[in-house]
$ cat run02.cif   # mmCIF, C-alpha atoms (C1' of nucleotides)
data_coords
loop_
_atom_site.label_atom_id
_atom_site.label_comp_id
_atom_site.auth_asym_id
_atom_site.auth_seq_id
_atom_site.Cartn_x
_atom_site.Cartn_y
_atom_site.Cartn_z
CA MET A 1 20.65 -19.87 4.80
CA GLU A 2 18.28 -18.27 7.26
CA LEU A 3 16.96 -14.82 6.47
CA PRO A 4 16.25 -12.59 9.48
CA SER A 5 12.49 -12.32 9.91
CA ILE A 6 10.70 -9.01 9.81
CA ASP A 7 7.64 -8.53 11.98
CA ILE A 8 4.63 -8.93 9.71
CA GLU A 9 3.12 -5.63 10.79
CA LYS A 10 6.33 -3.78 10.05
CA ALA A 11 6.65 -5.56 6.71
CA ALA A 12 3.12 -4.48 5.78
CA THR A 13 4.01 -0.89 6.59
CA ILE A 14 7.06 -1.04 4.34
CA LEU A 15 5.13 -2.67 1.51
CA LYS A 16 2.38 -0.09 1.74
CA LEU A 17 5.02 2.61 1.55
CA LEU A 18 6.51 0.99 -1.55
CA GLY A 19 3.09 0.27 -2.99
CA ASP A 20 3.11 3.64 -4.67
CA LYS A 21 4.53 4.01 -8.15
CA THR A 22 6.40 7.22 -7.37
CA ARG A 23 8.03 5.99 -4.17
CA LEU A 24 8.84 2.57 -5.60
CA THR A 25 10.53 4.18 -8.58
CA MET A 26 12.44 6.53 -6.30
CA ILE A 27 13.81 3.66 -4.27
CA LYS A 28 14.79 1.74 -7.39
CA MET A 29 16.52 4.86 -8.73
CA LEU A 30 18.34 5.38 -5.44
CA ASP A 31 19.61 1.84 -5.74
CA SER A 32 21.97 3.14 -8.47
CA HIS A 33 22.49 6.83 -7.68
CA ASP A 34 21.71 9.49 -5.12
CA TYR A 35 19.22 12.17 -6.10
CA CYS A 36 18.09 15.53 -4.82
CA VAL A 37 14.50 16.72 -4.58
CA CYS A 38 14.70 19.01 -7.58
CA GLU A 39 15.80 16.13 -9.79
CA PHE A 40 12.87 14.04 -8.65
CA VAL A 41 10.57 16.96 -9.40
CA GLU A 42 11.79 17.02 -13.01
CA ILE A 43 11.47 13.28 -13.38
CA PHE A 44 8.07 12.70 -11.86
CA LYS A 45 6.27 15.76 -13.19
CA VAL A 46 4.56 16.54 -9.94
CA SER A 47 4.90 19.54 -7.65
CA GLN A 48 7.90 20.01 -5.39
CA PRO A 49 5.80 19.61 -2.23
CA ALA A 50 4.47 16.31 -3.54
CA ILE A 51 8.05 15.07 -3.91
CA SER A 52 9.04 16.37 -0.49
CA GLN A 53 6.12 14.51 1.04
CA HIS A 54 7.11 11.27 -0.65
CA VAL A 55 10.76 11.45 0.41
CA ARG A 56 9.70 12.37 3.92
CA LYS A 57 7.70 9.18 4.19
CA LEU A 58 10.64 7.17 2.94
CA LYS A 59 12.88 8.94 5.43
CA ASP A 60 10.48 8.48 8.35
CA ALA A 61 10.48 4.76 7.63
CA GLY A 62 14.26 4.76 7.67
CA LEU A 63 14.55 3.65 4.06
CA VAL A 64 16.50 6.69 2.92
CA GLY A 65 18.86 9.18 4.49
CA GLU A 66 19.52 12.77 3.58
CA THR A 67 22.66 14.90 3.45
CA ARG A 68 22.69 18.58 2.81
CA ARG A 69 25.13 19.63 0.15
CA GLY A 70 24.98 23.38 -0.22
CA GLN A 71 21.45 24.37 -1.02
CA TRP A 72 20.58 20.86 -2.11
CA ILE A 73 19.53 17.97 0.02
CA ILE A 74 20.72 14.69 -1.37
CA TYR A 75 18.76 11.55 -0.68
CA SER A 76 20.33 8.11 -0.63
CA LEU A 77 19.35 4.56 0.23
CA ASN A 78 19.90 3.68 3.86
CA LYS A 79 21.67 0.37 3.62
CA LYS A 80 21.83 0.10 7.39
CA SER A 81 18.07 -0.22 7.72
CA ASP A 82 16.95 -3.51 9.18
CA VAL A 83 14.52 -3.87 6.30
CA PHE A 84 17.14 -3.14 3.67
CA PRO A 85 17.61 -6.84 2.84
CA LEU A 86 13.92 -7.08 2.07
CA VAL A 87 13.96 -3.91 0.00
CA GLN A 88 17.10 -4.94 -1.84
CA ASN A 89 15.49 -8.25 -2.64
CA LEU A 90 12.45 -6.52 -4.01
CA MET A 91 14.51 -4.23 -6.18
CA ASN A 92 16.04 -7.21 -7.93
CA HIS A 93 12.66 -7.82 -9.55
CA LEU A 94 12.36 -4.31 -10.96
CA PRO A 95 13.71 -2.97 -14.24
CA ASN A 96 16.67 -0.62 -14.05
CA GLN A 97 15.68 3.07 -14.09
CA ASP A 98 18.97 4.56 -15.23
CA PHE A 99 17.30 5.83 -18.39
CA LYS A 100 15.67 8.48 -16.21
CA LEU A 101 19.07 9.79 -15.22
CA GLN A 102 20.06 9.88 -18.87
CA GLU A 103 16.92 11.84 -19.69
CA LEU A 104 17.81 14.34 -16.98
CA GLU A 105 21.29 14.72 -18.39
CA ALA A 106 19.98 15.08 -21.93
CA GLN A 107 17.85 17.97 -20.70
CA GLY A 108 20.78 19.47 -18.83
CA LEU A 109 18.85 19.16 -15.58
CA ARG A 110 21.25 16.99 -13.66
CA ILE A 111 22.55 19.00 -10.74
CA SER A 112 26.29 19.22 -10.51
CA CYS A 113 27.48 17.56 -7.37
CA ASP A 114 29.62 14.44 -7.20
CA MET B 1 21.28 -15.37 -12.46
CA GLU B 2 18.87 -12.94 -14.08
CA LEU B 3 15.52 -12.45 -12.44
CA PRO B 4 12.63 -11.66 -14.80
CA SER B 5 11.72 -7.99 -14.37
CA ILE B 6 8.27 -6.90 -13.33
CA ASP B 7 6.89 -3.67 -14.70
CA ILE B 8 7.29 -1.08 -11.95
CA GLU B 9 3.65 -0.06 -12.11
CA LYS B 10 2.50 -3.64 -11.74
CA ALA B 11 4.96 -4.20 -8.90
CA ALA B 12 3.59 -1.14 -7.09
CA THR B 13 0.07 -2.56 -7.44
CA ILE B 14 1.15 -5.86 -5.92
CA LEU B 15 3.02 -4.19 -3.08
CA LYS B 16 0.07 -1.97 -2.27
CA LEU B 17 -2.09 -5.07 -2.18
CA LEU B 18 0.32 -6.75 0.22
CA GLY B 19 0.82 -3.56 2.19
CA ASP B 20 -2.07 -4.51 4.40
CA LYS B 21 -1.49 -6.55 7.52
CA THR B 22 -4.46 -8.84 6.95
CA ARG B 23 -3.70 -9.63 3.31
CA LEU B 24 0.01 -10.00 3.91
CA THR B 25 -0.66 -12.45 6.73
CA MET B 26 -3.13 -14.35 4.55
CA ILE B 27 -0.56 -14.79 1.81
CA LYS B 28 2.09 -15.93 4.26
CA MET B 29 -0.36 -18.41 5.75
CA LEU B 30 -1.31 -19.69 2.29
CA ASP B 31 2.38 -20.31 1.70
CA SER B 32 2.05 -23.31 4.07
CA HIS B 33 -1.60 -24.38 3.86
CA ASP B 34 -4.83 -23.69 2.05
CA TYR B 35 -7.57 -21.94 3.98
CA CYS B 36 -11.26 -21.27 3.58
CA VAL B 37 -13.00 -17.98 4.28
CA CYS B 38 -14.55 -19.13 7.55
CA GLU B 39 -11.14 -20.01 8.95
CA PHE B 40 -9.81 -16.59 8.06
CA VAL B 41 -12.82 -15.05 9.78
CA GLU B 42 -11.94 -16.85 13.01
CA ILE B 43 -8.30 -15.90 12.76
CA PHE B 44 -8.59 -12.24 11.89
CA LYS B 45 -11.52 -11.31 14.10
CA VAL B 46 -13.22 -9.25 11.45
CA SER B 47 -16.54 -9.75 9.71
CA GLN B 48 -17.01 -12.36 7.00
CA PRO B 49 -17.61 -9.71 4.33
CA ALA B 50 -14.35 -8.03 5.27
CA ILE B 51 -12.52 -11.31 4.67
CA SER B 52 -14.36 -11.93 1.40
CA GLN B 53 -13.32 -8.49 0.21
CA HIS B 54 -9.69 -9.14 1.04
CA VAL B 55 -9.52 -12.50 -0.70
CA ARG B 56 -11.32 -11.05 -3.67
CA LYS B 57 -8.59 -8.46 -4.09
CA LEU B 58 -5.96 -11.15 -3.87
CA LYS B 59 -7.85 -13.21 -6.40
CA ASP B 60 -8.39 -10.30 -8.79
CA ALA B 61 -4.66 -9.71 -8.76
CA GLY B 62 -4.09 -13.37 -9.59
CA LEU B 63 -2.20 -14.07 -6.37
CA VAL B 64 -4.61 -16.72 -5.14
CA GLY B 65 -6.98 -19.20 -6.69
CA GLU B 66 -10.18 -20.70 -5.31
CA THR B 67 -11.70 -24.14 -5.43
CA ARG B 68 -15.12 -24.98 -4.16
CA ARG B 69 -15.21 -28.01 -1.91
CA GLY B 70 -18.79 -28.62 -0.86
CA GLN B 71 -20.09 -25.54 0.83
CA TRP B 72 -16.60 -24.21 1.41
CA ILE B 73 -14.42 -22.28 -0.94
CA ILE B 74 -10.77 -23.06 -0.44
CA TYR B 75 -8.20 -20.45 -1.27
CA SER B 76 -4.66 -21.30 -2.26
CA LEU B 77 -1.55 -19.53 -3.51
CA ASN B 78 -1.37 -19.27 -7.28
CA LYS B 79 2.16 -20.41 -8.00
CA LYS B 80 1.63 -19.84 -11.70
CA SER B 81 1.31 -16.09 -11.29
CA ASP B 82 4.02 -14.14 -13.04
CA VAL B 83 4.60 -12.21 -9.84
CA PHE B 84 4.84 -15.34 -7.74
CA PRO B 85 8.66 -15.25 -7.66
CA LEU B 86 8.49 -11.75 -6.21
CA VAL B 87 5.86 -12.75 -3.67
CA GLN B 88 7.73 -15.91 -2.74
CA ASN B 89 10.85 -13.87 -2.21
CA LEU B 90 8.99 -11.49 0.05
CA MET B 91 7.55 -14.32 2.10
CA ASN B 92 11.04 -15.52 2.95
CA HIS B 93 11.46 -12.45 5.10
CA LEU B 94 8.32 -13.05 7.14
CA PRO B 95 7.91 -15.17 10.24
CA ASN B 96 6.05 -18.44 9.87
CA GLN B 97 2.36 -18.19 10.75
CA ASP B 98 1.63 -21.84 11.45
CA PHE B 99 0.82 -21.00 15.06
CA LYS B 100 -2.42 -19.55 13.76
CA LEU B 101 -3.39 -22.91 12.34
CA GLN B 102 -2.57 -24.50 15.67
CA GLU B 103 -4.75 -21.99 17.45
CA LEU B 104 -7.59 -22.87 15.10
CA GLU B 105 -7.16 -26.54 15.83
CA ALA B 106 -6.96 -25.93 19.56
CA GLN B 107 -10.33 -24.21 19.31
CA GLY B 108 -11.73 -27.00 17.16
CA LEU B 109 -12.40 -24.52 14.38
CA ARG B 110 -10.33 -26.11 11.66
CA ILE B 111 -12.70 -27.24 8.95
CA SER B 112 -12.43 -30.86 8.00
CA CYS B 113 -11.33 -31.16 4.43
CA ASP B 114 -8.06 -32.67 3.27
"C1'" DA C 1 -39.49 -27.96 0.50
"C1'" DT C 2 -37.20 -25.67 4.26
"C1'" DA C 3 -33.67 -24.42 7.48
"C1'" DT C 4 -28.85 -23.97 8.10
"C1'" DT C 5 -24.29 -22.92 6.75
"C1'" DA C 6 -20.77 -20.65 3.74
"C1'" DT C 7 -19.72 -17.09 0.79
"C1'" DA C 8 -20.46 -12.91 -2.10
"C1'" DT C 9 -22.21 -8.41 -3.13
"C1'" DA C 10 -24.18 -3.76 -2.19
"C1'" DA C 11 -24.45 0.42 0.18
"C1'" DG C 12 -22.81 3.58 3.51
"C1'" DC C 13 -19.22 5.76 6.30
"C1'" DA C 14 -14.92 7.32 8.71
"C1'" DA C 15 -10.16 7.44 8.05
"C1'" DA C 16 -6.16 7.50 5.18
"C1'" DT C 17 -3.88 8.91 0.89
"C1'" DG C 18 -1.83 11.77 -2.62
"C1'" DG C 19 -2.23 15.65 -4.89
"C1'" DT C 20 -2.68 20.88 -5.04
"C1'" DT C 21 -1.61 26.04 -3.63
"C1'" DA C 22 0.26 29.16 -0.25
"C1'" DT C 23 3.75 30.05 2.82
"C1'" DA C 24 7.87 29.32 5.84
"C1'" DT C 25 12.73 28.08 6.33
"C1'" DG C 26 17.45 27.77 5.05
"C1'" DT C 27 21.40 28.48 1.83
"C1'" DT C 28 23.88 31.02 -1.76
"C1'" DA C 29 24.95 34.94 -4.59
"C1'" DA C 30 24.90 39.93 -5.68
"C1'" DT D 1 20.92 43.20 3.21
"C1'" DT D 2 18.39 41.62 -0.37
"C1'" DA D 3 17.16 38.51 -4.20
"C1'" DA D 4 17.05 33.95 -5.92
"C1'" DC D 5 16.96 29.16 -5.32
"C1'" DA D 6 15.99 24.59 -2.86
"C1'" DT D 7 13.30 22.40 0.36
"C1'" DA D 8 9.76 21.80 4.02
"C1'" DT D 9 5.37 22.49 6.14
"C1'" DA D 10 0.41 23.75 6.43
"C1'" DA D 11 -4.13 23.75 4.89
"C1'" DC D 12 -7.32 22.01 1.83
"C1'" DC D 13 -9.64 18.71 -1.24
"C1'" DA D 14 -11.00 14.60 -4.09
"C1'" DT D 15 -10.28 9.81 -4.23
"C1'" DT D 16 -9.37 5.44 -2.22
"C1'" DT D 17 -9.49 2.23 1.49
"C1'" DG D 18 -11.24 -0.97 4.85
"C1'" DC D 19 -14.56 -1.66 7.68
"C1'" DT D 20 -19.62 -2.21 8.90
"C1'" DT D 21 -24.67 -3.90 8.27
"C1'" DA D 22 -28.08 -5.72 5.21
"C1'" DT D 23 -29.08 -8.77 1.69
"C1'" DA D 24 -28.35 -12.17 -2.14
"C1'" DT D 25 -26.60 -16.60 -3.81
"C1'" DA D 26 -25.20 -21.36 -3.41
"C1'" DA D 27 -24.62 -25.85 -1.21
"C1'" DT D 28 -26.01 -29.16 2.55
"C1'" DA D 29 -28.91 -31.39 5.83
"C1'" DT D 30 -33.47 -32.43 7.76
#

$ encode --input "run02.cif" --output "structure tokens"
Amino acid sequence: MELPSIDIEKAATILKLLGDKTRLTMIKMLDSHDYCVCEFVEIFKVSQPAISQHVRKLKDAGLVGETRRGQWIIYSLNKKSDVFPLVQNLMNHLPNQDFKLQELEAQGLRISCD
Amino acid sequence: MELPSIDIEKAATILKLLGDKTRLTMIKMLDSHDYCVCEFVEIFKVSQPAISQHVRKLKDAGLVGETRRGQWIIYSLNKKSDVFPLVQNLMNHLPNQDFKLQELEAQGLRISCD
DNA sequence: ATATTATATAAGCAAATGGTTATATGTTAA
DNA sequence: TTAACATATAACCATTTGCTTATATAATAT
């Protein structure tokens, strides 16, 4: 089966974007659940602007989408992206990060939206 | 089928390494053929030290191996690397780069070792 | 031995990266 | 309308990156 090819320059851009522990973890997490900025802030122990800057890069590259839900902005994987097959493939090599969600819940920090 | 998981920190390191157009192209090229430094220099139009620095990073990460053959040092993909399955998987999404080899040959710049 | 060729290493530099604090924007609640 | 909360943007800074030139090391050829 033939996989659609991704321009090597574009691929390098995506890999550079994912070549950061925080962003790579975010994407892996988003593979299971959607998250809002404030949840990421709790999880990654960095400032809120730092998180906003990371998700912005992911959004600019088309890897994630955002939806406002009340005062929160929920980020989710963009499965329509033309590089999604590549990303998905990558994710298969990474360990599940659901334990982070459980930690959030244990601390009562999971925001309450469906 | 279960894929062996790669520590997310290690994966980020590898992706950052491959998140560079030159190195990503090198790895894709090495997926088909071995190359020496001087060939890479011709292909990438950067200085010889720049190429040496790139291959060194790939070597330090265990992605490639080197063999001296006379005055040349031949670089090849290290298929024994524990991240090779990930890399291999990535490569499947990239366009073949054999035309670069053909360009080399057309210019008579392919070095003569088997 | 000496010159030539191939590669590696060192040092320096401009640009990019990822964080911070301060501040602006937008939504909700009182 | 005002306060509180969630997020984004701006400005700044230290570190990293990827190149360059200059030089060192190693093998080959004369």

$ calpha_fit_and_write --input "run02.cif" --fixed "chain B" --moving "chain A" --output "compact mmCIF listing (two decimals) with C-alpha atoms, in the frame of the given file"
# COMPACT_ATOMS: atom_id res chain seq x y z
CA MET A 1 21.29 -15.38 -12.49
CA GLU A 2 18.87 -12.97 -14.09
CA LEU A 3 15.50 -12.48 -12.44
CA PRO A 4 12.61 -11.69 -14.80
CA SER A 5 11.69 -8.04 -14.39
CA ILE A 6 8.24 -6.95 -13.34
CA ASP A 7 6.86 -3.71 -14.71
CA ILE A 8 7.27 -1.11 -11.97
CA GLU A 9 3.63 -0.09 -12.11
CA LYS A 10 2.48 -3.67 -11.74
CA ALA A 11 4.95 -4.22 -8.91
CA ALA A 12 3.57 -1.17 -7.09
CA THR A 13 0.06 -2.57 -7.42
CA ILE A 14 1.14 -5.88 -5.91
CA LEU A 15 3.02 -4.20 -3.08
CA LYS A 16 0.06 -1.99 -2.27
CA LEU A 17 -2.10 -5.08 -2.16
CA LEU A 18 0.34 -6.75 0.23
CA GLY A 19 0.82 -3.56 2.20
CA ASP A 20 -2.08 -4.50 4.40
CA LYS A 21 -1.49 -6.55 7.53
CA THR A 22 -4.47 -8.83 6.96
CA ARG A 23 -3.71 -9.62 3.32
CA LEU A 24 0.01 -10.00 3.93
CA THR A 25 -0.66 -12.45 6.73
CA MET A 26 -3.12 -14.35 4.56
CA ILE A 27 -0.57 -14.78 1.81
CA LYS A 28 2.09 -15.91 4.27
CA MET A 29 -0.38 -18.40 5.76
CA LEU A 30 -1.30 -19.69 2.31
CA ASP A 31 2.38 -20.30 1.71
CA SER A 32 2.05 -23.30 4.08
CA HIS A 33 -1.60 -24.36 3.86
CA ASP A 34 -4.82 -23.67 2.03
CA TYR A 35 -7.58 -21.94 3.96
CA CYS A 36 -11.27 -21.26 3.56
CA VAL A 37 -13.01 -17.97 4.28
CA CYS A 38 -14.56 -19.12 7.53
CA GLU A 39 -11.15 -20.02 8.92
CA PHE A 40 -9.81 -16.59 8.06
CA VAL A 41 -12.82 -15.05 9.77
CA GLU A 42 -11.94 -16.86 13.00
CA ILE A 43 -8.30 -15.91 12.76
CA PHE A 44 -8.57 -12.25 11.90
CA LYS A 45 -11.52 -11.32 14.09
CA VAL A 46 -13.22 -9.25 11.46
CA SER A 47 -16.54 -9.75 9.72
CA GLN A 48 -17.02 -12.35 7.00
CA PRO A 49 -17.61 -9.70 4.33
CA ALA A 50 -14.35 -8.02 5.28
CA ILE A 51 -12.53 -11.31 4.68
CA SER A 52 -14.36 -11.92 1.41
CA GLN A 53 -13.33 -8.48 0.21
CA HIS A 54 -9.69 -9.12 1.06
CA VAL A 55 -9.54 -12.50 -0.68
CA ARG A 56 -11.32 -11.04 -3.68
CA LYS A 57 -8.60 -8.46 -4.09
CA LEU A 58 -5.95 -11.14 -3.85
CA LYS A 59 -7.84 -13.20 -6.40
CA ASP A 60 -8.38 -10.29 -8.79
CA ALA A 61 -4.63 -9.71 -8.76
CA GLY A 62 -4.07 -13.36 -9.58
CA LEU A 63 -2.19 -14.06 -6.36
CA VAL A 64 -4.60 -16.71 -5.13
CA GLY A 65 -6.97 -19.19 -6.68
CA GLU A 66 -10.15 -20.67 -5.31
CA THR A 67 -11.71 -24.13 -5.46
CA ARG A 68 -15.12 -24.96 -4.20
CA ARG A 69 -15.21 -27.98 -1.95
CA GLY A 70 -18.77 -28.61 -0.90
CA GLN A 71 -20.10 -25.52 0.77
CA TRP A 72 -16.61 -24.20 1.38
CA ILE A 73 -14.42 -22.27 -0.97
CA ILE A 74 -10.78 -23.05 -0.45
CA TYR A 75 -8.19 -20.44 -1.27
CA SER A 76 -4.64 -21.30 -2.25
CA LEU A 77 -1.54 -19.53 -3.50
CA ASN A 78 -1.37 -19.27 -7.27
CA LYS A 79 2.14 -20.39 -7.99
CA LYS A 80 1.64 -19.85 -11.69
CA SER A 81 1.31 -16.09 -11.29
CA ASP A 82 4.01 -14.14 -13.05
CA VAL A 83 4.59 -12.22 -9.84
CA PHE A 84 4.84 -15.34 -7.72
CA PRO A 85 8.66 -15.24 -7.67
CA LEU A 86 8.49 -11.76 -6.21
CA VAL A 87 5.87 -12.76 -3.67
CA GLN A 88 7.73 -15.92 -2.73
CA ASN A 89 10.85 -13.87 -2.21
CA LEU A 90 9.01 -11.50 0.04
CA MET A 91 7.56 -14.30 2.11
CA ASN A 92 11.04 -15.52 2.95
CA HIS A 93 11.46 -12.41 5.10
CA LEU A 94 8.32 -13.03 7.14
CA PRO A 95 7.92 -15.15 10.25
CA ASN A 96 6.06 -18.43 9.88
CA GLN A 97 2.35 -18.17 10.77
CA ASP A 98 1.65 -21.83 11.45
CA PHE A 99 0.83 -21.01 15.06
CA LYS A 100 -2.43 -19.55 13.77
CA LEU A 101 -3.39 -22.92 12.35
CA GLN A 102 -2.56 -24.52 15.67
CA GLU A 103 -4.76 -22.00 17.46
CA LEU A 104 -7.61 -22.86 15.11
CA GLU A 105 -7.15 -26.54 15.81
CA ALA A 106 -6.95 -25.96 19.55
CA GLN A 107 -10.33 -24.23 19.32
CA GLY A 108 -11.72 -27.02 17.18
CA LEU A 109 -12.40 -24.54 14.40
CA ARG A 110 -10.34 -26.12 11.67
CA ILE A 111 -12.70 -27.25 8.95
CA SER A 112 -12.40 -30.86 7.99
CA CYS A 113 -11.27 -31.16 4.43
CA ASP A 114 -7.97 -32.61 3.27

$ closest_atom_pairs --input "run02.cif" --of "chain A" --to "chain D" --cutoff "12 Å" --atoms "all atoms listed in the file" --output "JSON lines"
{"residue": "A:Cys36", "atom": "CA", "partner": "D:DA6", "partner_atom": "C1'", "distance": 9.5}
{"residue": "A:Val37", "atom": "CA", "partner": "D:DT7", "partner_atom": "C1'", "distance": 7.6}
{"residue": "A:Cys38", "atom": "CA", "partner": "D:DA6", "partner_atom": "C1'", "distance": 7.4}
{"residue": "A:Glu39", "atom": "CA", "partner": "D:DA6", "partner_atom": "C1'", "distance": 10.9}
{"residue": "A:Val41", "atom": "CA", "partner": "D:DA6", "partner_atom": "C1'", "distance": 11.4}
{"residue": "A:Ser47", "atom": "CA", "partner": "D:DT7", "partner_atom": "C1'", "distance": 12.0}
{"residue": "A:Gln48", "atom": "CA", "partner": "D:DT7", "partner_atom": "C1'", "distance": 8.2}
{"residue": "A:Pro49", "atom": "CA", "partner": "D:DA8", "partner_atom": "C1'", "distance": 7.7}
{"residue": "A:Ala50", "atom": "CA", "partner": "D:DA8", "partner_atom": "C1'", "distance": 10.7}
{"residue": "A:Ile51", "atom": "CA", "partner": "D:DT7", "partner_atom": "C1'", "distance": 10.0}
{"residue": "A:Ser52", "atom": "CA", "partner": "D:DA8", "partner_atom": "C1'", "distance": 7.1}
{"residue": "A:Gln53", "atom": "CA", "partner": "D:DA8", "partner_atom": "C1'", "distance": 8.7}
{"residue": "A:His54", "atom": "CA", "partner": "D:DA8", "partner_atom": "C1'", "distance": 11.8}
{"residue": "A:Val55", "atom": "CA", "partner": "D:DA8", "partner_atom": "C1'", "distance": 11.0}
{"residue": "A:Arg56", "atom": "CA", "partner": "D:DA8", "partner_atom": "C1'", "distance": 9.4}
{"residue": "A:Glu66", "atom": "CA", "partner": "D:DT7", "partner_atom": "C1'", "distance": 11.9}
{"residue": "A:Arg68", "atom": "CA", "partner": "D:DT7", "partner_atom": "C1'", "distance": 10.4}
{"residue": "A:Arg69", "atom": "CA", "partner": "D:DA6", "partner_atom": "C1'", "distance": 10.8}
{"residue": "A:Gly70", "atom": "CA", "partner": "D:DA6", "partner_atom": "C1'", "distance": 9.4}
{"residue": "A:Gln71", "atom": "CA", "partner": "D:DA6", "partner_atom": "C1'", "distance": 5.8}
{"residue": "A:Trp72", "atom": "CA", "partner": "D:DA6", "partner_atom": "C1'", "distance": 6.0}
{"residue": "A:Ile73", "atom": "CA", "partner": "D:DT7", "partner_atom": "C1'", "distance": 7.7}
{"residue": "A:Ile74", "atom": "CA", "partner": "D:DT7", "partner_atom": "C1'", "distance": 10.8}
{"residue": "A:Ile111", "atom": "CA", "partner": "D:DA6", "partner_atom": "C1'", "distance": 11.7}

$ residues_around --input "run02.cif" --residues "range 81-95 of chain A" --least-positions-apart "5" --cutoff "8 Å" --atoms "only C-alpha atoms (C1' of nucleotides)" --output "list of chain:residue names"
A:Ile6, A:Lys28, A:Asp31, A:Gly62, A:Leu63, B:Leu3, B:Pro4, B:Ser5, B:Ile6, B:Asp7, B:Ile8, B:Ala11, B:Leu86, B:Asn89, B:Leu90, B:His93

$ resolve_selection --input "run02.cif" --expression "the PyMOL selection byres ((chain C) within 8 of (chain B))" --output "PyMOL selection string"
chain C and resi 5-8

$ resolve_selection --input "run02.cif" --expression "the PyMOL selection byres ((chain A and resi 13) around 10)" --output "list in words"
Ile8, Glu9, Lys10, Ala11, Ala12, Ile14, Leu15, Lys16, Leu17, Leu18, Gly19 and Ala61 of chain A; Lys16, Leu18, Gly19, Asp20 and Lys21 of chain B

$ atom_distance --input "run02.cif" --atom1 "CA of Met26 in chain B" --atom2 "CA of Gln97 in chain B"
9.1 Å

$ resolve_selection --input "run02.cif" --expression "the PyMOL selection byres ((chain A and resi 104) around 12)" --output "PyMOL selection string"
chain A and resi 35+38-44+97-103+105-112

$ write_last_selection --input "run02.cif" --atoms "C-alpha atoms" --output "short mmCIF file (atom, residue, chain, number, x, y, z; two decimals), keeping the file's coordinate frame"
data_model
loop_
_atom_site.label_atom_id
_atom_site.label_comp_id
_atom_site.auth_asym_id
_atom_site.auth_seq_id
_atom_site.Cartn_x
_atom_site.Cartn_y
_atom_site.Cartn_z
CA TYR A 35 19.22 12.17 -6.10
CA CYS A 38 14.70 19.01 -7.58
CA GLU A 39 15.80 16.13 -9.79
CA PHE A 40 12.87 14.04 -8.65
CA VAL A 41 10.57 16.96 -9.40
CA GLU A 42 11.79 17.02 -13.01
CA ILE A 43 11.47 13.28 -13.38
CA PHE A 44 8.07 12.70 -11.86
CA GLN A 97 15.68 3.07 -14.09
CA ASP A 98 18.97 4.56 -15.23
CA PHE A 99 17.30 5.83 -18.39
CA LYS A 100 15.67 8.48 -16.21
CA LEU A 101 19.07 9.79 -15.22
CA GLN A 102 20.06 9.88 -18.87
CA GLU A 103 16.92 11.84 -19.69
CA GLU A 105 21.29 14.72 -18.39
CA ALA A 106 19.98 15.08 -21.93
CA GLN A 107 17.85 17.97 -20.70
CA GLY A 108 20.78 19.47 -18.83
CA LEU A 109 18.85 19.16 -15.58
CA ARG A 110 21.25 16.99 -13.66
CA ILE A 111 22.55 19.00 -10.74
CA SER A 112 26.29 19.22 -10.51
#

$ atom_distance --input "run02.cif" --atom1 "C1' of DT4 in chain C" --atom2 "CA of Tyr75 in chain B"
22.9 Å

$ decode --input "run02.cif" --residues "range 15-22 of chain A" --atoms "N, CA, C and O atoms" --output "tab-separated table (two decimals), in the first residue's frame"
chain	number	residue	atom	x	y	z
A	15	LEU	N	8.58	17.72	12.09
A	15	LEU	CA	9.42	16.99	13.04
A	15	LEU	C	10.10	17.95	14.01
A	15	LEU	O	10.24	17.64	15.20
A	16	LYS	N	10.52	19.09	13.52
A	16	LYS	CA	11.13	20.07	14.42
A	16	LYS	C	10.11	20.50	15.48
A	16	LYS	O	10.42	20.62	16.66
A	17	LEU	N	8.89	20.71	15.01
A	17	LEU	CA	7.81	21.12	15.91
A	17	LEU	C	7.58	20.06	16.98
A	17	LEU	O	7.35	20.37	18.15
A	18	LEU	N	7.64	18.81	16.59
A	18	LEU	CA	7.40	17.71	17.53
A	18	LEU	C	8.68	17.30	18.27
A	18	LEU	O	8.63	16.47	19.17
A	19	GLY	N	9.78	17.91	17.89
A	19	GLY	CA	11.05	17.59	18.53
A	19	GLY	C	11.25	18.38	19.81
A	19	GLY	O	12.36	18.79	20.14
A	20	ASP	N	10.17	18.59	20.49
A	20	ASP	CA	10.19	19.30	21.77
A	20	ASP	C	9.34	18.47	22.73
A	20	ASP	O	8.20	18.11	22.41
A	21	LYS	N	9.91	18.16	23.88
A	21	LYS	CA	9.26	17.24	24.80
A	21	LYS	C	7.83	17.67	25.15
A	21	LYS	O	6.90	16.86	25.16
A	22	THR	N	7.67	18.96	25.42
A	22	THR	CA	6.35	19.47	25.80
A	22	THR	C	5.34	19.28	24.68
A	22	THR	O	4.26	18.71	24.88
